[in-house]
Every structure is written in C-alpha cells, then in structure tokens.
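Text of start_1.cif (mmCIF, C-alpha atoms) as supplied:
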```
data_data
loop_
_atom_site.group_PDB
_atom_site.id
_atom_site.type_symbol
_atom_site.label_atom_id
_atom_site.label_comp_id
_atom_site.auth_asym_id
_atom_site.auth_seq_id
_atom_site.Cartn_x
_atom_site.Cartn_y
_atom_site.Cartn_z
ATOM 1 C CA MET U 225 -4.643 -0.619 -69.048
ATOM 2 C CA ARG U 226 -4.450 -2.507 -65.753
ATOM 3 C CA LEU U 227 -1.832 -0.238 -64.096
ATOM 4 C CA ILE U 228 -4.255 2.228 -62.506
ATOM 5 C CA PRO U 229 -6.502 -0.443 -60.901
ATOM 6 C CA LEU U 230 -3.430 -2.183 -59.503
ATOM 7 C CA LEU U 231 -2.118 1.063 -58.030
ATOM 8 C CA LEU U 232 -5.501 1.755 -56.445
ATOM 9 C CA LEU U 233 -5.626 -1.745 -55.001
ATOM 10 C CA SER U 234 -2.092 -1.335 -53.584
ATOM 11 C CA ALA U 235 -3.018 1.976 -51.960
ATOM 12 C CA LEU U 236 -6.083 0.350 -50.410
ATOM 13 C CA PHE U 237 -3.995 -2.365 -48.773
ATOM 14 C CA ILE U 238 -1.459 0.166 -47.487
ATOM 15 C CA GLY U 239 -4.224 2.257 -45.918
ATOM 16 C CA CYS U 240 -5.632 -0.787 -44.123
ATOM 17 C CA THR U 241 -2.332 -2.046 -42.736
ATOM 18 C CA THR U 242 -2.754 -3.326 -39.146
ATOM 19 C CA PRO U 243 -0.772 -1.155 -36.699
ATOM 20 C CA GLU U 244 2.217 -2.783 -35.056
ATOM 21 C CA PRO U 245 1.364 -4.166 -31.605
ATOM 22 C CA GLU U 246 3.006 -2.476 -28.634
ATOM 23 C CA PRO U 247 6.154 -4.234 -27.420
ATOM 24 C CA ARG U 248 5.695 -6.344 -24.317
ATOM 25 C CA LEU U 249 6.316 -4.413 -21.119
ATOM 26 C CA GLN U 250 8.194 -6.267 -18.361
ATOM 27 C CA LEU U 251 8.450 -4.920 -14.807
ATOM 28 C CA ARG U 252 9.678 -6.419 -11.546
ATOM 29 C CA ILE U 253 7.565 -5.567 -8.490
ATOM 30 C CA ALA U 254 8.248 -6.203 -4.787
ATOM 31 C CA VAL U 255 5.090 -7.071 -2.862
ATOM 32 C CA ASN U 256 4.029 -6.794 0.766
ATOM 33 C CA ASP U 257 0.234 -6.712 0.798
ATOM 34 C CA ILE U 258 -1.801 -7.031 4.009
ATOM 35 C CA TYR U 259 -4.542 -9.002 2.261
ATOM 36 C CA CYS U 260 -2.356 -11.171 0.018
ATOM 37 C CA THR U 261 -1.992 -14.848 0.942
ATOM 38 C CA ASP U 262 1.659 -14.833 -0.116
ATOM 39 C CA THR U 263 2.622 -12.037 2.302
ATOM 40 C CA ALA U 264 0.213 -12.526 5.218
ATOM 41 C CA CYS U 265 0.509 -14.796 8.217
ATOM 42 C CA ALA U 266 -1.301 -18.128 7.889
ATOM 43 C CA CYS U 267 -3.431 -17.229 10.911
ATOM 44 C CA VAL U 268 -5.387 -14.677 8.841
ATOM 45 C CA HIS U 269 -5.603 -16.492 5.516
ATOM 46 C CA ASP U 270 -9.381 -16.619 5.836
ATOM 47 C CA ILE U 271 -9.334 -12.834 5.367
ATOM 48 C CA ALA U 272 -5.985 -12.320 3.642
ATOM 49 C CA ALA U 273 -6.837 -14.577 0.703
ATOM 50 C CA ARG U 274 -5.939 -12.243 -2.179
ATOM 51 C CA THR U 275 -3.863 -13.756 -4.987
ATOM 52 C CA TYR U 276 -2.491 -12.080 -8.107
ATOM 53 C CA PRO U 277 -1.805 -14.803 -10.755
ATOM 54 C CA GLU U 278 -5.197 -14.400 -12.448
ATOM 55 C CA THR U 279 -4.690 -10.644 -12.734
ATOM 56 C CA LEU U 280 -1.161 -11.147 -14.064
ATOM 57 C CA ASP U 281 -2.457 -13.596 -16.670
ATOM 58 C CA ARG U 282 -5.039 -11.086 -17.895
ATOM 59 C CA LEU U 283 -2.431 -8.324 -18.020
ATOM 60 C CA SER U 284 -0.213 -10.508 -20.161
ATOM 61 C CA LYS U 285 -2.861 -11.802 -22.567
ATOM 62 C CA MET U 286 -4.897 -8.624 -22.967
ATOM 63 C CA PHE U 287 -2.296 -5.877 -22.674
ATOM 64 C CA GLY U 288 1.111 -7.441 -23.289
ATOM 65 C CA ILE U 289 2.314 -6.483 -19.811
ATOM 66 C CA GLU U 290 4.416 -8.918 -17.807
ATOM 67 C CA LEU U 291 4.713 -8.222 -14.085
ATOM 68 C CA GLN U 292 7.108 -10.343 -12.053
ATOM 69 C CA LEU U 293 5.935 -10.234 -8.440
ATOM 70 C CA ASP U 294 8.390 -11.094 -5.655
ATOM 71 C CA TYR U 295 6.694 -11.550 -2.288
ATOM 72 C CA PHE U 296 8.058 -10.415 1.082
ATOM 73 C CA MET U 297 6.306 -11.241 4.356
ATOM 74 C CA ASP U 298 8.743 -9.114 6.343
ATOM 75 C CA THR U 299 8.575 -5.367 5.695
ATOM 76 C CA TYR U 300 12.281 -4.943 6.494
ATOM 77 C CA GLN U 301 13.098 -7.448 3.751
ATOM 78 C CA LEU U 302 10.800 -5.512 1.419
ATOM 79 C CA GLU U 303 12.647 -2.262 2.094
ATOM 80 C CA ASP U 304 16.037 -3.945 1.670
ATOM 81 C CA ALA U 305 14.857 -5.282 -1.677
ATOM 82 C CA LEU U 306 13.754 -1.804 -2.771
ATOM 83 C CA ARG U 307 17.069 -0.319 -1.622
ATOM 84 C CA SER U 308 18.891 -2.809 -3.854
ATOM 85 C CA GLY U 309 17.764 -0.933 -6.948
ATOM 86 C CA LYS U 310 16.650 -4.171 -8.645
ATOM 87 C CA TYR U 311 12.935 -3.421 -8.600
ATOM 88 C CA ASP U 312 10.838 -1.264 -10.885
ATOM 89 C CA GLY U 313 8.129 -0.846 -8.298
ATOM 90 C CA ALA U 314 6.379 -1.989 -5.149
ATOM 91 C CA LEU U 315 2.901 -3.076 -4.142
ATOM 92 C CA CYS U 316 2.582 -2.250 -0.452
ATOM 93 C CA LYS U 317 1.674 0.414 2.062
ATOM 94 C CA PRO U 318 2.950 3.416 0.107
ATOM 95 C CA TRP U 319 5.039 4.812 2.961
ATOM 96 C CA TYR U 320 7.342 1.770 2.877
ATOM 97 C CA ALA U 321 8.538 2.798 -0.579
ATOM 98 C CA MET U 322 8.081 6.569 -0.529
ATOM 99 C CA ARG U 323 10.176 6.993 2.603
ATOM 100 C CA LEU U 324 13.165 5.571 0.705
ATOM 101 C CA ASN U 325 13.158 8.412 -1.827
ATOM 102 C CA LYS U 326 15.260 10.612 0.436
ATOM 103 C CA GLU U 327 17.927 8.045 1.253
ATOM 104 C CA THR U 328 18.260 6.417 -2.178
ATOM 105 C CA ASP U 329 18.256 7.566 -5.773
ATOM 106 C CA ALA U 330 14.770 6.148 -6.234
ATOM 107 C CA ASP U 331 11.682 8.147 -7.152
ATOM 108 C CA PHE U 332 8.759 5.992 -6.024
ATOM 109 C CA GLU U 333 5.421 7.426 -7.084
ATOM 110 C CA ARG U 334 1.963 5.979 -6.548
ATOM 111 C CA LEU U 335 0.390 4.708 -9.755
ATOM 112 C CA VAL U 336 -2.898 3.249 -8.480
ATOM 113 C CA ASP U 337 -4.373 2.387 -5.110
ATOM 114 C CA VAL U 338 -5.572 -1.109 -4.229
ATOM 115 C CA LEU U 339 -8.901 -1.648 -2.478
ATOM 116 C CA ASP U 340 -9.305 -4.030 0.448
ATOM 117 C CA PRO U 341 -11.929 -6.841 0.462
ATOM 118 C CA ASN U 342 -14.562 -4.287 1.552
ATOM 119 C CA ASN U 343 -13.568 -1.887 -1.241
ATOM 120 C CA ASN U 344 -11.996 0.470 1.277
ATOM 121 C CA ARG U 345 -8.865 2.389 0.287
ATOM 122 C CA TRP U 346 -8.070 4.043 3.619
ATOM 123 C CA LEU U 347 -5.818 3.263 6.552
ATOM 124 C CA THR U 348 -5.746 4.918 9.963
ATOM 125 C CA GLY U 349 -4.019 4.441 13.256
ATOM 126 C CA ILE U 350 -6.347 3.850 16.173
ATOM 127 C CA VAL U 351 -5.708 4.694 19.818
ATOM 128 C CA ILE U 352 -6.831 1.833 22.042
ATOM 129 C CA VAL U 353 -7.092 1.043 25.738
ATOM 130 C CA PRO U 354 -8.208 -2.170 27.470
ATOM 131 C CA THR U 355 -11.967 -2.359 27.991
ATOM 132 C CA ASN U 356 -11.438 -2.308 31.768
ATOM 133 C CA SER U 357 -9.310 0.846 31.614
ATOM 134 C CA PRO U 358 -10.611 3.889 33.531
ATOM 135 C CA ILE U 359 -9.491 6.070 30.584
ATOM 136 C CA SER U 360 -12.507 6.964 28.452
ATOM 137 C CA SER U 361 -11.370 9.892 26.284
ATOM 138 C CA MET U 362 -8.358 11.201 24.414
ATOM 139 C CA LYS U 363 -7.962 14.086 26.860
ATOM 140 C CA GLU U 364 -7.346 11.616 29.666
ATOM 141 C CA LEU U 365 -4.156 10.493 27.930
ATOM 142 C CA ASN U 366 -2.360 13.593 29.203
ATOM 143 C CA GLY U 367 0.449 12.455 31.452
ATOM 144 C CA LYS U 368 0.004 8.785 30.470
ATOM 145 C CA HIS U 369 2.358 6.169 29.005
ATOM 146 C CA ILE U 370 1.618 5.372 25.344
ATOM 147 C CA TYR U 371 3.151 2.951 22.851
ATOM 148 C CA ILE U 372 3.181 3.953 19.185
ATOM 149 C CA GLY U 373 4.757 2.493 16.031
ATOM 150 C CA GLU U 374 8.238 3.070 14.667
ATOM 151 C CA THR U 375 8.960 5.525 11.858
ATOM 152 C CA ASP U 376 8.370 2.973 9.080
ATOM 153 C CA ALA U 377 4.695 2.718 10.089
ATOM 154 C CA TYR U 378 3.205 6.064 9.119
ATOM 155 C CA GLU U 379 -0.260 5.571 10.589
ATOM 156 C CA LYS U 380 1.145 4.461 13.947
ATOM 157 C CA HIS U 381 3.955 7.005 14.216
ATOM 158 C CA TYR U 382 3.831 10.325 12.348
ATOM 159 C CA ALA U 383 0.044 10.356 12.101
ATOM 160 C CA ALA U 384 -0.205 9.427 15.789
ATOM 161 C CA LEU U 385 2.110 12.236 16.862
ATOM 162 C CA ARG U 386 0.062 14.703 14.793
ATOM 163 C CA LEU U 387 -3.124 13.428 16.419
ATOM 164 C CA PHE U 388 -1.672 14.032 19.881
ATOM 165 C CA GLU U 389 -0.585 17.537 18.865
ATOM 166 C CA ARG U 390 -3.986 18.322 17.366
ATOM 167 C CA GLU U 391 -5.764 17.084 20.489
ATOM 168 C CA ASN U 392 -3.244 18.885 22.735
ATOM 169 C CA ILE U 393 -2.240 15.595 24.348
ATOM 170 C CA GLN U 394 1.070 15.545 26.199
ATOM 171 C CA PRO U 395 1.879 11.982 27.297
ATOM 172 C CA ALA U 396 4.314 11.474 30.145
ATOM 173 C CA LYS U 397 6.132 8.862 28.070
ATOM 174 C CA ILE U 398 6.015 7.610 24.492
ATOM 175 C CA ASP U 399 7.673 4.333 23.542
ATOM 176 C CA THR U 400 7.780 2.578 20.170
ATOM 177 C CA ASN U 401 7.471 -0.985 18.946
ATOM 178 C CA ALA U 402 7.852 -2.444 15.495
ATOM 179 C CA SER U 403 4.510 -4.239 15.353
ATOM 180 C CA CYS U 404 0.889 -3.836 16.363
ATOM 181 C CA GLY U 405 1.119 -7.144 18.206
ATOM 182 C CA GLU U 406 3.906 -5.857 20.428
ATOM 183 C CA ASN U 407 1.917 -2.730 21.284
ATOM 184 C CA ILE U 408 -1.149 -4.807 22.087
ATOM 185 C CA GLY U 409 1.008 -7.055 24.265
ATOM 186 C CA GLU U 410 2.209 -4.040 26.260
ATOM 187 C CA LEU U 411 -1.406 -3.223 27.067
ATOM 188 C CA GLN U 412 -2.247 -6.796 27.998
ATOM 189 C CA ASP U 413 0.770 -6.927 30.304
ATOM 190 C CA GLY U 414 -0.159 -3.642 31.962
ATOM 191 C CA ASN U 415 3.014 -1.896 30.783
ATOM 192 C CA ALA U 416 1.226 1.044 29.150
ATOM 193 C CA ASP U 417 -1.961 3.056 29.458
ATOM 194 C CA ALA U 418 -2.751 3.186 25.741
ATOM 195 C CA ALA U 419 -1.353 2.129 22.390
ATOM 196 C CA VAL U 420 -1.640 3.075 18.739
ATOM 197 C CA ILE U 421 -2.161 0.241 16.251
ATOM 198 C CA SER U 422 -3.225 -0.038 12.607
ATOM 199 C CA ASP U 423 -6.991 -0.144 12.190
ATOM 200 C CA TYR U 424 -6.889 -3.656 10.661
ATOM 201 C CA ALA U 425 -4.647 -5.160 13.361
ATOM 202 C CA LEU U 426 -7.374 -6.940 15.336
ATOM 203 C CA SER U 427 -8.920 -8.555 12.256
ATOM 204 C CA ALA U 428 -6.222 -9.038 9.577
ATOM 205 C CA ASP U 429 -2.958 -9.272 11.493
ATOM 206 C CA CYS U 430 -1.160 -11.887 13.579
ATOM 207 C CA ALA U 431 -2.569 -10.206 16.687
ATOM 208 C CA VAL U 432 -5.788 -12.186 16.113
ATOM 209 C CA ASP U 433 -3.979 -15.189 17.634
ATOM 210 C CA PHE U 434 -3.929 -13.631 21.101
ATOM 211 C CA ALA U 435 -6.268 -10.604 21.116
ATOM 212 C CA ALA U 436 -9.870 -9.891 20.153
ATOM 213 C CA PRO U 437 -11.586 -6.595 19.304
ATOM 214 C CA HIS U 438 -13.940 -6.789 22.290
ATOM 215 C CA GLU U 439 -10.954 -6.635 24.654
ATOM 216 C CA PHE U 440 -10.241 -3.005 23.695
ATOM 217 C CA ARG U 441 -11.932 0.352 23.294
ATOM 218 C CA ILE U 442 -11.023 2.882 20.606
ATOM 219 C CA LEU U 443 -10.480 6.421 21.875
ATOM 220 C CA GLY U 444 -9.583 8.091 18.589
ATOM 221 C CA SER U 445 -8.295 7.724 15.061
ATOM 222 C CA THR U 446 -5.554 9.395 13.071
ATOM 223 C CA GLU U 447 -5.909 11.017 9.667
ATOM 224 C CA MET U 448 -6.726 8.704 6.761
ATOM 225 C CA ILE U 449 -3.904 7.675 4.431
ATOM 226 C CA PRO U 450 -3.780 5.206 1.505
ATOM 227 C CA LEU U 451 -3.851 1.574 2.644
ATOM 228 C CA THR U 452 -2.111 -0.132 -0.298
ATOM 229 C CA SER U 453 -0.714 1.241 -3.551
ATOM 230 C CA LEU U 454 1.181 0.093 -6.581
ATOM 231 C CA LEU U 455 4.167 2.426 -6.855
ATOM 232 C CA LEU U 456 6.717 2.685 -9.641
ATOM 233 C CA ASN U 457 10.278 3.944 -9.427
ATOM 234 C CA MET U 458 10.094 6.636 -12.084
ATOM 235 C CA ASP U 459 13.880 6.652 -12.334
ATOM 236 C CA ARG U 460 13.582 3.173 -13.881
ATOM 237 C CA VAL U 461 10.230 3.301 -15.673
ATOM 238 C CA ARG U 462 9.318 5.492 -18.634
ATOM 239 C CA GLN U 463 6.311 7.778 -18.222
ATOM 240 C CA ASP U 464 4.440 6.254 -21.151
ATOM 241 C CA ASP U 465 5.013 2.730 -19.800
ATOM 242 C CA ALA U 466 3.682 3.813 -16.410
ATOM 243 C CA LEU U 467 0.558 5.239 -18.040
ATOM 244 C CA ARG U 468 0.132 2.059 -20.071
ATOM 245 C CA LEU U 469 0.229 -0.089 -16.914
ATOM 246 C CA ARG U 470 -2.097 2.278 -15.077
ATOM 247 C CA GLU U 471 -4.739 2.165 -17.795
ATOM 248 C CA ALA U 472 -4.495 -1.621 -18.023
ATOM 249 C CA LEU U 473 -4.965 -2.120 -14.270
ATOM 250 C CA LEU U 474 -7.935 0.241 -14.174
ATOM 251 C CA ALA U 475 -9.466 -1.591 -17.139
ATOM 252 C CA LEU U 476 -9.227 -4.877 -15.209
ATOM 253 C CA SER U 477 -10.885 -3.380 -12.107
ATOM 254 C CA GLY U 478 -14.389 -2.506 -11.008
ATOM 255 C CA GLU U 479 -17.279 -4.952 -11.059
ATOM 256 C CA GLY U 480 -15.446 -7.148 -13.557
ATOM 257 C CA ALA U 481 -12.295 -7.480 -11.482
ATOM 258 C CA PRO U 482 -10.990 -11.015 -10.909
ATOM 259 C CA ASP U 483 -12.596 -12.557 -7.822
ATOM 260 C CA THR U 484 -9.107 -13.389 -6.568
ATOM 261 C CA LEU U 485 -8.489 -9.677 -5.895
ATOM 262 C CA LEU U 486 -11.153 -9.870 -3.134
ATOM 263 C CA GLY U 487 -12.731 -6.600 -4.198
ATOM 264 C CA ASN U 488 -12.925 -4.180 -7.084
ATOM 265 C CA GLY U 489 -9.174 -4.104 -7.545
ATOM 266 C CA PHE U 490 -7.334 -0.937 -8.537
ATOM 267 C CA VAL U 491 -8.550 2.665 -8.436
ATOM 268 C CA GLU U 492 -7.230 6.118 -9.259
ATOM 269 C CA ILE U 493 -4.915 7.427 -6.574
ATOM 270 C CA TRP U 494 -6.183 9.849 -3.967
ATOM 271 C CA PRO U 495 -3.633 12.651 -3.443
ATOM 272 C CA TRP U 496 -1.400 12.120 -0.425
ATOM 273 C CA ASN U 497 1.728 14.171 0.164
ATOM 274 C CA PRO U 498 3.373 13.286 3.492
ATOM 275 C CA PRO U 499 4.920 16.466 4.915
ATOM 276 C CA GLU U 500 7.832 14.369 6.169
ATOM 277 C CA LEU U 501 9.021 14.056 2.562
ATOM 278 C CA GLU U 502 8.942 17.756 1.813
ATOM 279 C CA ASP U 503 12.320 19.417 1.329
ATOM 280 C CA GLN U 504 13.461 21.254 4.402
ATOM 281 C CA PRO U 505 14.848 24.779 3.959
#
```

Write the structure described by the file as structure tokens, please.
Amino acid sequence: MRLIPLLLLSALFIGCTTPEPEPRLQLRIAVNDIYCTDTACACVHDIAARTYPETLDRLSKMFGIELQLDYFMDTYQLEDALRSGKYDGALCKPWYAMRLNKETDADFERLVDVLDPNNNRWLTGIVIVPTNSPISSMKELNGKHIYIGETDAYEKHYAALRLFERENIQPAKIDTNASCGENIGELQDGNADAAVISDYALSADCAVDFAAPHEFRILGSTEMIPLTSLLLNMDRVRQDDALRLREALLALSGEGAPDTLLGNGFVEIWPWNPPELEDQP
C-alpha cells in the first residue's frame, strides 16, 4: 500500500536535484596595462593605480574562474611571453597580441575591452610640436622631419602613416623610436620638427618626469583604436569557456565594478580589424 507514495516521493526528489556546478576554469594571462600599478612606472602610480586581485577574487568566488595574471612592465618581454605559447591570453593594448597571429600559431581574439579611469576605451596617436614651433597646422609638416613609433605601436606607426596619407602630408624624413619619451626627447633637443606619441603619454607615461603638456601643441590625431583589451588565444581556449569568462567579466563591471579597477571595468568589444592583419593576395 505504501509503494506508490514512495515512488512519487522518489520522483519528486529526482526532479529537484541540484544541477552539477560548472568545473573551475583556469587560465594564464600575460598583462601589460598602462593603468595597472604592477606594469606602470612608479612615476605615474598616482594615475596608474589599477590593481586586479579584488576582481580575481570575485571571479573565483562567484563564477569559479581562476585567472593567473603574470605582469610585464616591458612590452618586449610581454611579446616574448606570448610567443612562448604558455599563455592562454593577454591583457594589454590589443595590437601587441594580435600582431603575433601571423608569425606564430596563435589566434588572439579580443574578448572584452577595458576602460581607463575616465571610462574611455579609445586610444589615438597625437602629432605634437613644441609650443614655440612656427608650425601651426598639419599641412605645414610637408617637407619636415617627423619621429613616429615603431611597428609594435599601432597608434604611433600604422595609424600615423595613414593620417599623413589622408592629409596628403609628405615629410622629408620619417624616423622611428621605441617609446613616446624618446620621441618627445627628439623634439626637446631640436632634432625633429614634429613627433607622434600616444595620447596618454604626457599624463600616464614616464615622460611626465621630464615633459609637461603645456610644452607642446597638438596638430592632429590619428584614428581611434581600442586602448586595452583582454584577448584569448582561441587555439588554446574553448569557445564556451571564452563566453563564460566574457559574461563573468561583464557581470562584474559597470557601476558595481570593484573600485580597484579605477572605472567601470570591462565592456563589450568595439569592432576593430587592422588592415595590416588581412591576408595579402
């Protein structure tokens, strides 16, 4: 007589079984972030005060995602680390990682963008001259000597060259330097007529130690590109794991983002497809 009630009770428990939790996701990420204390020069730590441990703790406790962040102050060390094939992703200017896709077996794709302390996602190269320079417009750069960035710095190199082409500027000479500080130094020493630097260089870069914004005038700006992104090597990371991380980071962002991110955190990517990565016929 009690068999039917027991069967019904058993079915009830089976229907209410708690789903198995997702397995913990572990990823190793190489970091070079302009506004992160662990990768910025000490001279700009008042601005570059971003830290990630609080965000990592929330990811672990709330979403079962463990990110191991390895920090690199030098961008060349960052790229060497990514070339090693030991990293699942990178948190950096996206070009640093994306440019490696052609020379390695990696497939770095942007997952989310990271906002700066002012909730800005964009980066540009700016064309500057000393404030006492007689040059007052882009057109006057025709026949002049200009310093730009090397090929690893998209906003100071490829975007700068496109700006010159768009503005029909034909410099007499173009030289390159690895850093914004070196390009600024060329101007201060009178070795060039103009230079292209990253738009944050006079406020969140080591150049603040020897140069101030009022010492220069901006003649023009390049196209806007993403400032900082979290990228994953999709040859190492499963699509569903990437989506899981993406949704978790977006859930931790916005007005409720940890204060230690210095802004609203992570946002959906804005499409950016550098033509330099397109397959050539």

What does the PyMOL selection byres ((chain U and resi 471) around 12) select in this file, as a count of residues only?
22

In Å, how far is it from CA of Asn392 (chain U) to CA of Asn497 (chain U)?
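That distance, rounded to one decimal, is 23.6 Å.
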
Using the chain letters and numbers from this file, what does the PyMOL selection byres ((chain U and resi 459) around 9) select? Give the answer as an mmCIF file with C-alpha atoms, in the frame of the given file.
```cif
data_model
loop_
_atom_site.group_PDB
_atom_site.id
_atom_site.type_symbol
_atom_site.label_atom_id
_atom_site.label_comp_id
_atom_site.auth_asym_id
_atom_site.auth_seq_id
_atom_site.Cartn_x
_atom_site.Cartn_y
_atom_site.Cartn_z
ATOM 1 C CA ASP U 312 10.838 -1.264 -10.885
ATOM 2 C CA ASP U 329 18.256 7.566 -5.773
ATOM 3 C CA ALA U 330 14.770 6.148 -6.234
ATOM 4 C CA ASP U 331 11.682 8.147 -7.152
ATOM 5 C CA PHE U 332 8.759 5.992 -6.024
ATOM 6 C CA LEU U 456 6.717 2.685 -9.641
ATOM 7 C CA ASN U 457 10.278 3.944 -9.427
ATOM 8 C CA MET U 458 10.094 6.636 -12.084
ATOM 9 C CA ARG U 460 13.582 3.173 -13.881
ATOM 10 C CA VAL U 461 10.230 3.301 -15.673
ATOM 11 C CA ARG U 462 9.318 5.492 -18.634
#
```

Pull out every residue that the PyMOL selection byres ((chain U and resi 350) around 12) matches in the shown coordinates and put them as a VMD selection string.
chain U and resid 347 to 349 351 to 353 362 371 to 373 379 to 381 383 to 385 387 to 388 404 407 to 408 418 to 426 440 to 448

Can I get the selected residues back with C-alpha atoms, as a short mmCIF file (atom, residue, chain, number, x, y, z; two decimals), in the frame of the given file?
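Saved as again00.cif:
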```cif
data_model
loop_
_atom_site.label_atom_id
_atom_site.label_comp_id
_atom_site.auth_asym_id
_atom_site.auth_seq_id
_atom_site.Cartn_x
_atom_site.Cartn_y
_atom_site.Cartn_z
CA LEU U 347 -5.82 3.26 6.55
CA THR U 348 -5.75 4.92 9.96
CA GLY U 349 -4.02 4.44 13.26
CA VAL U 351 -5.71 4.69 19.82
CA ILE U 352 -6.83 1.83 22.04
CA VAL U 353 -7.09 1.04 25.74
CA MET U 362 -8.36 11.20 24.41
CA TYR U 371 3.15 2.95 22.85
CA ILE U 372 3.18 3.95 19.18
CA GLY U 373 4.76 2.49 16.03
CA GLU U 379 -0.26 5.57 10.59
CA LYS U 380 1.14 4.46 13.95
CA HIS U 381 3.96 7.00 14.22
CA ALA U 383 0.04 10.36 12.10
CA ALA U 384 -0.20 9.43 15.79
CA LEU U 385 2.11 12.24 16.86
CA LEU U 387 -3.12 13.43 16.42
CA PHE U 388 -1.67 14.03 19.88
CA CYS U 404 0.89 -3.84 16.36
CA ASN U 407 1.92 -2.73 21.28
CA ILE U 408 -1.15 -4.81 22.09
CA ALA U 418 -2.75 3.19 25.74
CA ALA U 419 -1.35 2.13 22.39
CA VAL U 420 -1.64 3.08 18.74
CA ILE U 421 -2.16 0.24 16.25
CA SER U 422 -3.22 -0.04 12.61
CA ASP U 423 -6.99 -0.14 12.19
CA TYR U 424 -6.89 -3.66 10.66
CA ALA U 425 -4.65 -5.16 13.36
CA LEU U 426 -7.37 -6.94 15.34
CA PHE U 440 -10.24 -3.00 23.70
CA ARG U 441 -11.93 0.35 23.29
CA ILE U 442 -11.02 2.88 20.61
CA LEU U 443 -10.48 6.42 21.88
CA GLY U 444 -9.58 8.09 18.59
CA SER U 445 -8.30 7.72 15.06
CA THR U 446 -5.55 9.40 13.07
CA GLU U 447 -5.91 11.02 9.67
CA MET U 448 -6.73 8.70 6.76
#
```

Which residues of region 294-395 of chain U come within 6 Å of region 257-269 of chain U, and what is each one's closest atom pair and distance in Å (one decimal), counting only C-alpha atoms, sorted by chain and residue number, as a Markdown table?
```
| residue | atom | partner | partner_atom | distance |
| --- | --- | --- | --- | --- |
| U:Phe296 | CA | U:Thr263 | CA | 5.8 |
| U:Met297 | CA | U:Thr263 | CA | 4.3 |
| U:Cys316 | CA | U:Asp257 | CA | 5.2 |
```

8 Å contact set for Gly487 (chain U), all atoms listed in the file, chain neighbours under 6 positions out, as a short mmCIF file (atom, residue, chain, number, x, y, z; two decimals) with C-alpha atoms, keeping the file's coordinate frame:
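Result file is part23.cif:
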```cif
data_model
loop_
_atom_site.label_atom_id
_atom_site.label_comp_id
_atom_site.auth_asym_id
_atom_site.auth_seq_id
_atom_site.Cartn_x
_atom_site.Cartn_y
_atom_site.Cartn_z
CA LEU U 339 -8.90 -1.65 -2.48
CA ASP U 340 -9.30 -4.03 0.45
CA PRO U 341 -11.93 -6.84 0.46
CA ASN U 342 -14.56 -4.29 1.55
CA ASN U 343 -13.57 -1.89 -1.24
CA ALA U 481 -12.30 -7.48 -11.48
#
```

Quick one: pull the distance between CA of Pro247 (chain U) and CA of Gly288 (chain U), Å, one decimal.
7.3 Å

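You will find CA of Leu293 (chain U) at 12.2 Å from CA of Ala305 (chain U).
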
Write out as a list in words the residues lying within 10 Å of Ile493 (chain U), counting all atoms listed in the file and excluding same-chain residues fewer than 3 positions away.
Arg334, Leu335, Val336, Asp337, Val338, Arg345, Pro450, Ser453, Leu454, Phe490 and Trp496 of chain U

Skip Gln412 (chain U) itself and residues of its chain fewer than 2 positions away, then list as a ChimeraX atom specification all residues within 12 Å of it, counting all atoms listed in the file.
/U:352-357,405-410,414-419,431,434-436,439-440

Listed atoms of region 349-365 of chain U boxed along x, y and z, 8 Å each side, centre and edge lengths in Å, one decimal, as AutoDock Vina command-line options:
```
--center_x -8.3 --center_y 5.9 --center_z 23.4 --size_x 24.5 --size_y 32.4 --size_z 36.3
```

Distance cut-off 12 Å, centre (10.8, -8.2, -12.2) in file coordinates, counting all atoms listed in the file: which residues qualify? Return them as a list in words.
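Those within range, by chain then number, are Leu249, Gln250, Leu251, Arg252, Ile253, Ala254, Val255, Ile289, Glu290, Leu291, Gln292, Leu293, Asp294, Tyr295, Ala305, Leu306, Gly309, Lys310, Tyr311, Asp312, Gly313, Ala314, Leu456 and Arg460 of chain U.
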
Nearby residues (all atoms listed in the file) at most 8 Å from Leu486 (chain U), same-chain spacing under 3 positions excluded, as a PDB file with C-alpha atoms, in the frame of the given file:
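Final file, part_15.pdb:
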```
ATOM      1  CA  ALA U 273      -6.837 -14.577   0.703  1.00  0.00           C
ATOM      2  CA  ARG U 274      -5.939 -12.243  -2.179  1.00  0.00           C
ATOM      3  CA  ASP U 340      -9.305  -4.030   0.448  1.00  0.00           C
ATOM      4  CA  PRO U 341     -11.929  -6.841   0.462  1.00  0.00           C
ATOM      5  CA  PRO U 482     -10.990 -11.015 -10.909  1.00  0.00           C
ATOM      6  CA  ASP U 483     -12.596 -12.557  -7.822  1.00  0.00           C
ATOM      7  CA  GLY U 489      -9.174  -4.104  -7.545  1.00  0.00           C
TER       8      GLY U 489
END
```

Would you mind telling me which residue in U:Asp281, U:Glu246, U:Glu333, U:Asp270 lies nearest to Gln463 (chain U) when using all atoms listed in the file?
U:Glu333
